[in-house]
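Engineer: Below you'll find work03.txt; it's compact mmCIF, C-alpha atoms and all ligand atoms.
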# COMPACT_ATOMS: atom_id res chain seq x y z
CA MET A 1 -6.27 69.26 17.70
CA ALA A 2 -9.79 67.88 18.39
CA ASP A 3 -10.16 64.11 18.75
CA ALA A 4 -11.46 62.37 15.61
CA GLN A 5 -15.12 61.34 15.76
CA TYR A 6 -16.65 57.90 15.19
CA ASP A 7 -17.70 57.39 11.56
CA PRO A 8 -20.87 55.22 11.43
CA ASP A 9 -19.98 54.23 7.85
CA ASN A 10 -16.74 52.46 8.74
CA ILE A 11 -16.41 48.88 7.45
CA PHE A 12 -17.04 47.18 10.80
CA ALA A 13 -20.18 49.28 11.41
CA LYS A 14 -21.39 48.07 8.00
CA ILE A 15 -20.61 44.47 9.01
CA LEU A 16 -22.58 44.99 12.25
CA ARG A 17 -25.55 46.30 10.25
CA GLY A 18 -25.30 43.32 7.85
CA GLU A 19 -24.55 45.62 4.92
CA ILE A 20 -21.37 43.73 4.04
CA PRO A 21 -20.69 40.04 4.70
CA CYS A 22 -18.23 38.47 7.12
CA HIS A 23 -17.21 34.99 8.21
CA ARG A 24 -18.86 35.09 11.63
CA VAL A 25 -17.51 32.92 14.45
CA TYR A 26 -19.28 34.27 17.55
CA GLU A 27 -21.97 36.75 18.47
CA ASP A 28 -23.70 37.79 21.68
CA ALA A 29 -25.73 40.84 22.76
CA ASP A 30 -22.65 43.09 23.03
CA THR A 31 -19.97 41.67 20.72
CA LEU A 32 -19.26 40.05 17.34
CA ALA A 33 -16.26 37.99 16.21
CA PHE A 34 -15.34 37.25 12.59
CA MET A 35 -12.39 36.30 10.40
CA ASP A 36 -9.95 39.00 9.29
CA VAL A 37 -10.01 39.08 5.46
CA MET A 38 -6.28 39.83 5.31
CA PRO A 39 -5.00 37.40 7.93
CA GLN A 40 -1.52 37.70 9.38
CA GLY A 41 -1.75 33.96 10.05
CA ASP A 42 -4.30 31.15 9.71
CA GLY A 43 -7.15 31.71 12.17
CA HIS A 44 -6.67 35.49 12.48
CA THR A 45 -9.92 36.60 14.12
CA LEU A 46 -11.31 40.03 15.07
CA VAL A 47 -13.56 40.69 18.05
CA ILE A 48 -15.55 43.95 18.14
CA PRO A 49 -18.06 45.57 20.49
CA LYS A 50 -21.46 46.35 19.01
CA ALA A 51 -21.43 49.75 20.72
CA PRO A 52 -19.75 52.41 18.56
CA SER A 53 -16.28 53.62 19.51
CA ARG A 54 -13.21 54.43 17.41
CA GLY A 55 -10.81 52.76 19.77
CA LEU A 56 -9.94 51.93 23.35
CA LEU A 57 -9.94 55.47 24.67
CA ASP A 58 -13.49 56.52 23.71
CA ALA A 59 -15.12 53.16 24.56
CA ASP A 60 -17.74 52.79 27.27
CA PRO A 61 -16.22 50.76 30.14
CA ALA A 62 -19.24 48.42 30.10
CA ALA A 63 -18.61 47.71 26.40
CA LEU A 64 -14.93 47.07 27.19
CA SER A 65 -15.87 44.60 29.91
CA ALA A 66 -18.09 42.64 27.53
CA LEU A 67 -15.41 42.83 24.83
CA ILE A 68 -12.61 41.35 26.92
CA VAL A 69 -14.84 38.49 28.08
CA SER A 70 -15.64 37.66 24.42
CA VAL A 71 -11.96 38.02 23.50
CA GLN A 72 -11.06 35.39 26.09
CA LYS A 73 -13.83 33.05 24.94
CA VAL A 74 -12.93 33.37 21.24
CA ALA A 75 -9.17 33.21 21.97
CA ARG A 76 -9.61 29.86 23.71
CA ALA A 77 -11.54 28.52 20.71
CA VAL A 78 -9.02 29.92 18.19
CA LYS A 79 -6.15 28.31 20.10
CA ALA A 80 -7.95 24.95 20.19
CA ALA A 81 -9.14 25.11 16.56
CA PHE A 82 -5.64 25.76 15.21
CA GLN A 83 -3.77 23.70 17.82
CA ALA A 84 -1.75 26.83 18.48
CA GLU A 85 1.17 26.97 20.89
CA GLY A 86 0.40 30.60 21.69
CA LEU A 87 -1.64 33.62 20.69
CA THR A 88 -0.80 37.18 19.70
CA LEU A 89 -3.39 39.88 20.44
CA PHE A 90 -3.21 43.36 18.89
CA GLN A 91 -5.35 46.45 19.44
CA PHE A 92 -4.33 49.56 17.47
CA ASN A 93 -5.46 53.14 18.13
CA GLU A 94 -5.49 55.87 15.48
CA PRO A 95 -3.32 55.92 12.33
CA ALA A 96 -0.16 56.69 14.30
CA GLY A 97 -0.85 53.54 16.32
CA GLY A 98 -1.34 51.40 13.22
CA GLN A 99 -5.18 51.48 13.14
CA THR A 100 -6.82 51.32 9.71
CA VAL A 101 -10.48 50.55 10.56
CA PHE A 102 -11.92 53.03 13.05
CA HIS A 103 -14.26 50.83 15.07
CA LEU A 104 -12.66 49.31 18.19
CA HIS A 105 -11.42 45.76 17.56
CA VAL A 106 -9.05 43.20 19.03
CA HIS A 107 -6.99 40.94 16.76
CA ILE A 108 -6.46 37.32 17.86
CA ILE A 109 -3.78 35.39 15.94
CA PRO A 110 -2.79 31.79 16.70
CA ARG A 111 1.00 31.32 16.87
CA ARG A 112 3.52 28.53 16.57
CA GLU A 113 7.20 28.65 17.47
CA GLY A 114 9.31 29.77 14.50
CA VAL A 115 6.34 30.82 12.30
CA PRO A 116 6.46 34.59 11.70
CA LEU A 117 3.38 36.75 11.31
CA LYS A 118 2.50 37.83 7.79
CA ARG A 119 2.42 41.55 6.99
CA HIS A 120 -0.47 43.63 8.43
CA GLU A 121 -3.03 44.05 5.61
CA GLY A 122 -0.77 41.93 3.38
CA GLY A 123 -3.28 40.26 1.06
CA MET A 124 -6.85 38.99 0.82
CA ALA A 125 -7.39 35.38 1.87
CA ASP A 126 -9.42 32.92 -0.18
CA ASN A 127 -13.10 33.03 0.80
CA ALA A 128 -13.44 29.25 1.01
CA VAL A 129 -10.41 29.03 3.30
CA LEU A 130 -11.83 31.73 5.60
CA ALA A 131 -15.18 29.91 5.67
CA GLU A 132 -13.45 26.66 6.67
CA HIS A 133 -11.42 28.43 9.37
CA ALA A 134 -14.54 30.11 10.75
CA ALA A 135 -16.32 26.73 10.87
CA ARG A 136 -13.38 25.25 12.79
CA ILE A 137 -13.54 28.05 15.37
CA ARG A 138 -17.34 27.76 15.72
CA ALA A 139 -16.93 24.02 16.34
CA ALA A 140 -14.31 24.73 19.01
CA LEU A 141 -16.66 27.26 20.63
CA GLU A 142 -19.42 24.67 20.74
CA ALA A 143 -17.01 22.24 22.40
CA GLU A 144 -16.04 24.80 25.09
CA PRO A 145 -17.21 23.91 28.60
P1 LIG A 201 -6.41 47.70 12.24
O1 LIG A 201 -5.16 48.11 11.55
O2 LIG A 201 -7.45 48.77 12.15
O3 LIG A 201 -6.18 47.20 13.62
O4 LIG A 201 -6.91 46.43 11.45
C1 LIG A 201 -8.04 46.34 10.68
C2 LIG A 201 -8.12 44.90 10.23
O5 LIG A 201 -9.34 44.75 9.53
C3 LIG A 201 -7.01 44.50 9.27
O6 LIG A 201 -6.31 43.39 9.81
C4 LIG A 201 -7.72 44.15 7.98
O7 LIG A 201 -7.17 43.04 7.34
C5 LIG A 201 -9.14 43.91 8.44
N1 LIG A 201 -10.15 44.26 7.47
C6 LIG A 201 -10.17 45.36 6.67
N2 LIG A 201 -11.31 45.37 5.92
C7 LIG A 201 -12.01 44.27 6.30
C8 LIG A 201 -13.27 43.73 5.87
O8 LIG A 201 -13.96 44.27 5.02
N3 LIG A 201 -13.68 42.58 6.47
C9 LIG A 201 -12.92 41.94 7.42
N4 LIG A 201 -13.42 40.80 7.93
N5 LIG A 201 -11.73 42.41 7.83
C10 LIG A 201 -11.28 43.57 7.28
What would the structure in this file look like if it were written as structure tokens?
Ligand code: 5GP

Structural biologist:
Amino acid sequence: MADAQYDPDNIFAKILRGEIPCHRVYEDADTLAFMDVMPQGDGHTLVIPKAPSRGLLDADPAALSALIVSVQKVARAVKAAFQAEGLTLFQFNEPAGGQTVFHLHVHIIPRREGVPLKRHEGGMADNAVLAEHAARIRAALEAEP
């Protein structure tokens, strides 16, 4: 079976083009980070490359390099903003791998001992709460050395 192709009308491509809104926390020339609308925990953030790829396997290595650098930067800020004890990162590929949005992305979720993750795509978070969480992460990014 042929590999599935990138769909330029996926939700994250629309976010990149500014066609649908997001709670933005970080942006540079190659990457964008924003709040997940159905968080599995407070502070659940997504980091995406601007270059189009469905997942890890079809991504340009240069885009992957930029992505992982942004993931580290945003992960540090997320951990600080939510005073997390740890972080869980996810990256799903294709429906069989749990992927539901077909533009490469890395999930960053702050964790605390004994607090389980909520269900993947469990429910929409309140907009005002997401805005406040995004502001917290932006402040932590500004405070980064
Ligand atoms: P995947 O299963 O593809 O790794 O996860 C896609 C993630 O995107 C899910 O966690 C889901 O909650 C999130 N998501 C889906 N639609 C939107 C949207 O329109 N905006 C934002 N910010 N996140 C979305």

Engineer: Counting only C-alpha atoms, what is within 7 Å of Leu32 in chain A, bar same-chain residues fewer than 6 positions away, as a PyMOL selection string?

Structural biologist: chain A and resi 26+47-50

Engineer: Which residues form the shell of 10 Å around ligand LIG 201 (chain A) when you count all atoms listed in the file, given as a PyMOL selection string?

Structural biologist: chain A and resi 10-12+14-15+20-24+33-40+44-46+54-55+90-95+97-107+119-125+130

Engineer: Just to be explicit: take each residue in the selection above, keep C-alpha atoms, and write the result as a short mmCIF file (atom, residue, chain, number, x, y, z; two decimals), in the frame of the given file.

Structural biologist:
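File out_20.cif, as written:
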data_model
loop_
_atom_site.label_atom_id
_atom_site.label_comp_id
_atom_site.auth_asym_id
_atom_site.auth_seq_id
_atom_site.Cartn_x
_atom_site.Cartn_y
_atom_site.Cartn_z
CA ASN A 10 -16.74 52.46 8.74
CA ILE A 11 -16.41 48.88 7.45
CA PHE A 12 -17.04 47.18 10.80
CA LYS A 14 -21.39 48.07 8.00
CA ILE A 15 -20.61 44.47 9.01
CA ILE A 20 -21.37 43.73 4.04
CA PRO A 21 -20.69 40.04 4.70
CA CYS A 22 -18.23 38.47 7.12
CA HIS A 23 -17.21 34.99 8.21
CA ARG A 24 -18.86 35.09 11.63
CA ALA A 33 -16.26 37.99 16.21
CA PHE A 34 -15.34 37.25 12.59
CA MET A 35 -12.39 36.30 10.40
CA ASP A 36 -9.95 39.00 9.29
CA VAL A 37 -10.01 39.08 5.46
CA MET A 38 -6.28 39.83 5.31
CA PRO A 39 -5.00 37.40 7.93
CA GLN A 40 -1.52 37.70 9.38
CA HIS A 44 -6.67 35.49 12.48
CA THR A 45 -9.92 36.60 14.12
CA LEU A 46 -11.31 40.03 15.07
CA ARG A 54 -13.21 54.43 17.41
CA GLY A 55 -10.81 52.76 19.77
CA PHE A 90 -3.21 43.36 18.89
CA GLN A 91 -5.35 46.45 19.44
CA PHE A 92 -4.33 49.56 17.47
CA ASN A 93 -5.46 53.14 18.13
CA GLU A 94 -5.49 55.87 15.48
CA PRO A 95 -3.32 55.92 12.33
CA GLY A 97 -0.85 53.54 16.32
CA GLY A 98 -1.34 51.40 13.22
CA GLN A 99 -5.18 51.48 13.14
CA THR A 100 -6.82 51.32 9.71
CA VAL A 101 -10.48 50.55 10.56
CA PHE A 102 -11.92 53.03 13.05
CA HIS A 103 -14.26 50.83 15.07
CA LEU A 104 -12.66 49.31 18.19
CA HIS A 105 -11.42 45.76 17.56
CA VAL A 106 -9.05 43.20 19.03
CA HIS A 107 -6.99 40.94 16.76
CA ARG A 119 2.42 41.55 6.99
CA HIS A 120 -0.47 43.63 8.43
CA GLU A 121 -3.03 44.05 5.61
CA GLY A 122 -0.77 41.93 3.38
CA GLY A 123 -3.28 40.26 1.06
CA MET A 124 -6.85 38.99 0.82
CA ALA A 125 -7.39 35.38 1.87
CA LEU A 130 -11.83 31.73 5.60
#

Engineer: Identify which of the residues A:Asp58, A:Asp42, A:Asp9, A:Glu144 lies closest to Phe82 in chain A, counting only C-alpha atoms when measuring atom-to-atom distances.

Structural biologist: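 Of the candidates, the smallest distance to Phe82 in chain A is held by A:Asp42.
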
Engineer: Please report the interatomic distance between CA of Ala131 in chain A and CA of Glu19 in chain A in Å with one decimal.

Structural biologist: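 Those two atoms sit 18.3 Å apart.
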
Engineer: Need the shell around Asp30 in chain A: protein/DNA/RNA residues with any atom at most 12 Å away, counting all atoms listed in the file. Skip same-chain ones fewer than 5 positions apart. Format as a list in words?

Structural biologist: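 Answer for this query is Leu16, Val47, Ile48, Pro49, Lys50, Ala51, Pro52, Asp60, Ala62, Ala63, Leu64, Ser65, Ala66, Leu67, Ile68, Val69, Ser70 and Val71 of chain A.
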
Engineer: Expressed in Å to a single decimal, how great is the separation between CA of Arg112 in chain A and CA of Asp126 in chain A?

Structural biologist: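 CA of Arg112 in chain A sits 21.6 Å away from CA of Asp126 in chain A.
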
Engineer: Can you work out the spacing between CA of Lys73 in chain A and CA of Ser53 in chain A in Å, to one decimal?

Structural biologist: 21.4 Å

Engineer: Check the smallest atom-to-atom distance from each of A:Leu141, A:Ala13, A:Ile109, A:Val129 to Ala84 in chain A using all atoms listed in the file, then report the winner.

Structural biologist: A:Ile109

Engineer: Out of A:Asn127, A:Pro110, A:Pro8, A:Pro61, which residue has the shortest atom-to-atom distance to Val74 in chain A when counting only C-alpha atoms?

Structural biologist: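 Of all the options, A:Pro110 lies closest to Val74 in chain A.
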
Engineer: Set up a box along x, y and z of the file covering all listed atoms of range 48-57 of chain A, add 5 Å on every one of the six sides, and write the centre and edge lengths in Å to one decimal, as lines of an AutoDock Vina configuration file.

Structural biologist:
center_x = -15.7
center_y = 49.7
center_z = 21.0
size_x = 21.5
size_y = 21.5
size_z = 17.3

Engineer: Since the input lacks some atoms of range 53-70 of chain A, please model N, CA, C and O atoms and print them as a PDB file, in the coordinates of the input.

Structural biologist:
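result_35.pdb was written with the following content:
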ATOM      1  N   SER A  53     -17.406  52.804  19.008  1.00  0.00           N
ATOM      2  CA  SER A  53     -16.280  53.620  19.510  1.00  0.00           C
ATOM      3  C   SER A  53     -15.151  53.453  18.521  1.00  0.00           C
ATOM      4  O   SER A  53     -15.030  52.408  17.872  1.00  0.00           O
ATOM      5  N   ARG A  54     -14.333  54.498  18.368  1.00  0.00           N
ATOM      6  CA  ARG A  54     -13.210  54.430  17.410  1.00  0.00           C
ATOM      7  C   ARG A  54     -12.141  53.476  17.907  1.00  0.00           C
ATOM      8  O   ARG A  54     -11.526  52.767  17.144  1.00  0.00           O
ATOM      9  N   GLY A  55     -11.909  53.522  19.224  1.00  0.00           N
ATOM     10  CA  GLY A  55     -10.810  52.760  19.770  1.00  0.00           C
ATOM     11  C   GLY A  55     -11.002  52.533  21.254  1.00  0.00           C
ATOM     12  O   GLY A  55     -12.112  52.665  21.793  1.00  0.00           O
ATOM     13  N   LEU A  56      -9.887  52.225  21.912  1.00  0.00           N
ATOM     14  CA  LEU A  56      -9.940  51.930  23.350  1.00  0.00           C
ATOM     15  C   LEU A  56     -10.348  53.144  24.169  1.00  0.00           C
ATOM     16  O   LEU A  56     -11.101  53.042  25.127  1.00  0.00           O
ATOM     17  N   LEU A  57      -9.848  54.318  23.780  1.00  0.00           N
ATOM     18  CA  LEU A  57      -9.940  55.470  24.670  1.00  0.00           C
ATOM     19  C   LEU A  57     -11.341  56.064  24.759  1.00  0.00           C
ATOM     20  O   LEU A  57     -11.711  56.621  25.798  1.00  0.00           O
ATOM     21  N   ASP A  58     -12.136  55.944  23.683  1.00  0.00           N
ATOM     22  CA  ASP A  58     -13.490  56.520  23.710  1.00  0.00           C
ATOM     23  C   ASP A  58     -14.556  55.454  23.995  1.00  0.00           C
ATOM     24  O   ASP A  58     -15.753  55.741  23.926  1.00  0.00           O
ATOM     25  N   ALA A  59     -14.141  54.238  24.331  1.00  0.00           N
ATOM     26  CA  ALA A  59     -15.120  53.160  24.560  1.00  0.00           C
ATOM     27  C   ALA A  59     -15.759  53.280  25.934  1.00  0.00           C
ATOM     28  O   ALA A  59     -15.118  53.711  26.902  1.00  0.00           O
ATOM     29  N   ASP A  60     -17.018  52.882  26.002  1.00  0.00           N
ATOM     30  CA  ASP A  60     -17.740  52.790  27.270  1.00  0.00           C
ATOM     31  C   ASP A  60     -17.134  51.634  28.079  1.00  0.00           C
ATOM     32  O   ASP A  60     -16.967  50.538  27.533  1.00  0.00           O
ATOM     33  N   PRO A  61     -16.816  51.842  29.359  1.00  0.00           N
ATOM     34  CA  PRO A  61     -16.220  50.760  30.140  1.00  0.00           C
ATOM     35  C   PRO A  61     -17.058  49.482  30.160  1.00  0.00           C
ATOM     36  O   PRO A  61     -16.513  48.372  30.166  1.00  0.00           O
ATOM     37  N   ALA A  62     -18.387  49.620  30.111  1.00  0.00           N
ATOM     38  CA  ALA A  62     -19.240  48.420  30.100  1.00  0.00           C
ATOM     39  C   ALA A  62     -19.028  47.645  28.801  1.00  0.00           C
ATOM     40  O   ALA A  62     -18.999  46.405  28.793  1.00  0.00           O
ATOM     41  N   ALA A  63     -18.867  48.375  27.685  1.00  0.00           N
ATOM     42  CA  ALA A  63     -18.610  47.710  26.400  1.00  0.00           C
ATOM     43  C   ALA A  63     -17.241  47.028  26.423  1.00  0.00           C
ATOM     44  O   ALA A  63     -17.063  45.929  25.885  1.00  0.00           O
ATOM     45  N   LEU A  64     -16.271  47.671  27.077  1.00  0.00           N
ATOM     46  CA  LEU A  64     -14.930  47.070  27.190  1.00  0.00           C
ATOM     47  C   LEU A  64     -14.961  45.790  28.001  1.00  0.00           C
ATOM     48  O   LEU A  64     -14.284  44.815  27.675  1.00  0.00           O
ATOM     49  N   SER A  65     -15.770  45.804  29.071  1.00  0.00           N
ATOM     50  CA  SER A  65     -15.870  44.600  29.910  1.00  0.00           C
ATOM     51  C   SER A  65     -16.416  43.442  29.101  1.00  0.00           C
ATOM     52  O   SER A  65     -15.874  42.330  29.131  1.00  0.00           O
ATOM     53  N   ALA A  66     -17.497  43.706  28.354  1.00  0.00           N
ATOM     54  CA  ALA A  66     -18.090  42.640  27.530  1.00  0.00           C
ATOM     55  C   ALA A  66     -17.102  42.196  26.460  1.00  0.00           C
ATOM     56  O   ALA A  66     -16.978  41.001  26.165  1.00  0.00           O
ATOM     57  N   LEU A  67     -16.352  43.157  25.901  1.00  0.00           N
ATOM     58  CA  LEU A  67     -15.410  42.830  24.830  1.00  0.00           C
ATOM     59  C   LEU A  67     -14.319  41.880  25.324  1.00  0.00           C
ATOM     60  O   LEU A  67     -14.029  40.874  24.672  1.00  0.00           O
ATOM     61  N   ILE A  68     -13.747  42.176  26.481  1.00  0.00           N
ATOM     62  CA  ILE A  68     -12.610  41.350  26.920  1.00  0.00           C
ATOM     63  C   ILE A  68     -13.072  39.939  27.298  1.00  0.00           C
ATOM     64  O   ILE A  68     -12.343  38.956  27.101  1.00  0.00           O
ATOM     65  N   VAL A  69     -14.307  39.822  27.771  1.00  0.00           N
ATOM     66  CA  VAL A  69     -14.840  38.490  28.080  1.00  0.00           C
ATOM     67  C   VAL A  69     -14.999  37.685  26.774  1.00  0.00           C
ATOM     68  O   VAL A  69     -14.622  36.510  26.699  1.00  0.00           O
ATOM     69  N   SER A  70     -15.512  38.348  25.724  1.00  0.00           N
ATOM     70  CA  SER A  70     -15.640  37.660  24.420  1.00  0.00           C
ATOM     71  C   SER A  70     -14.269  37.357  23.831  1.00  0.00           C
ATOM     72  O   SER A  70     -14.077  36.301  23.219  1.00  0.00           O
TER      73      SER A  70
END
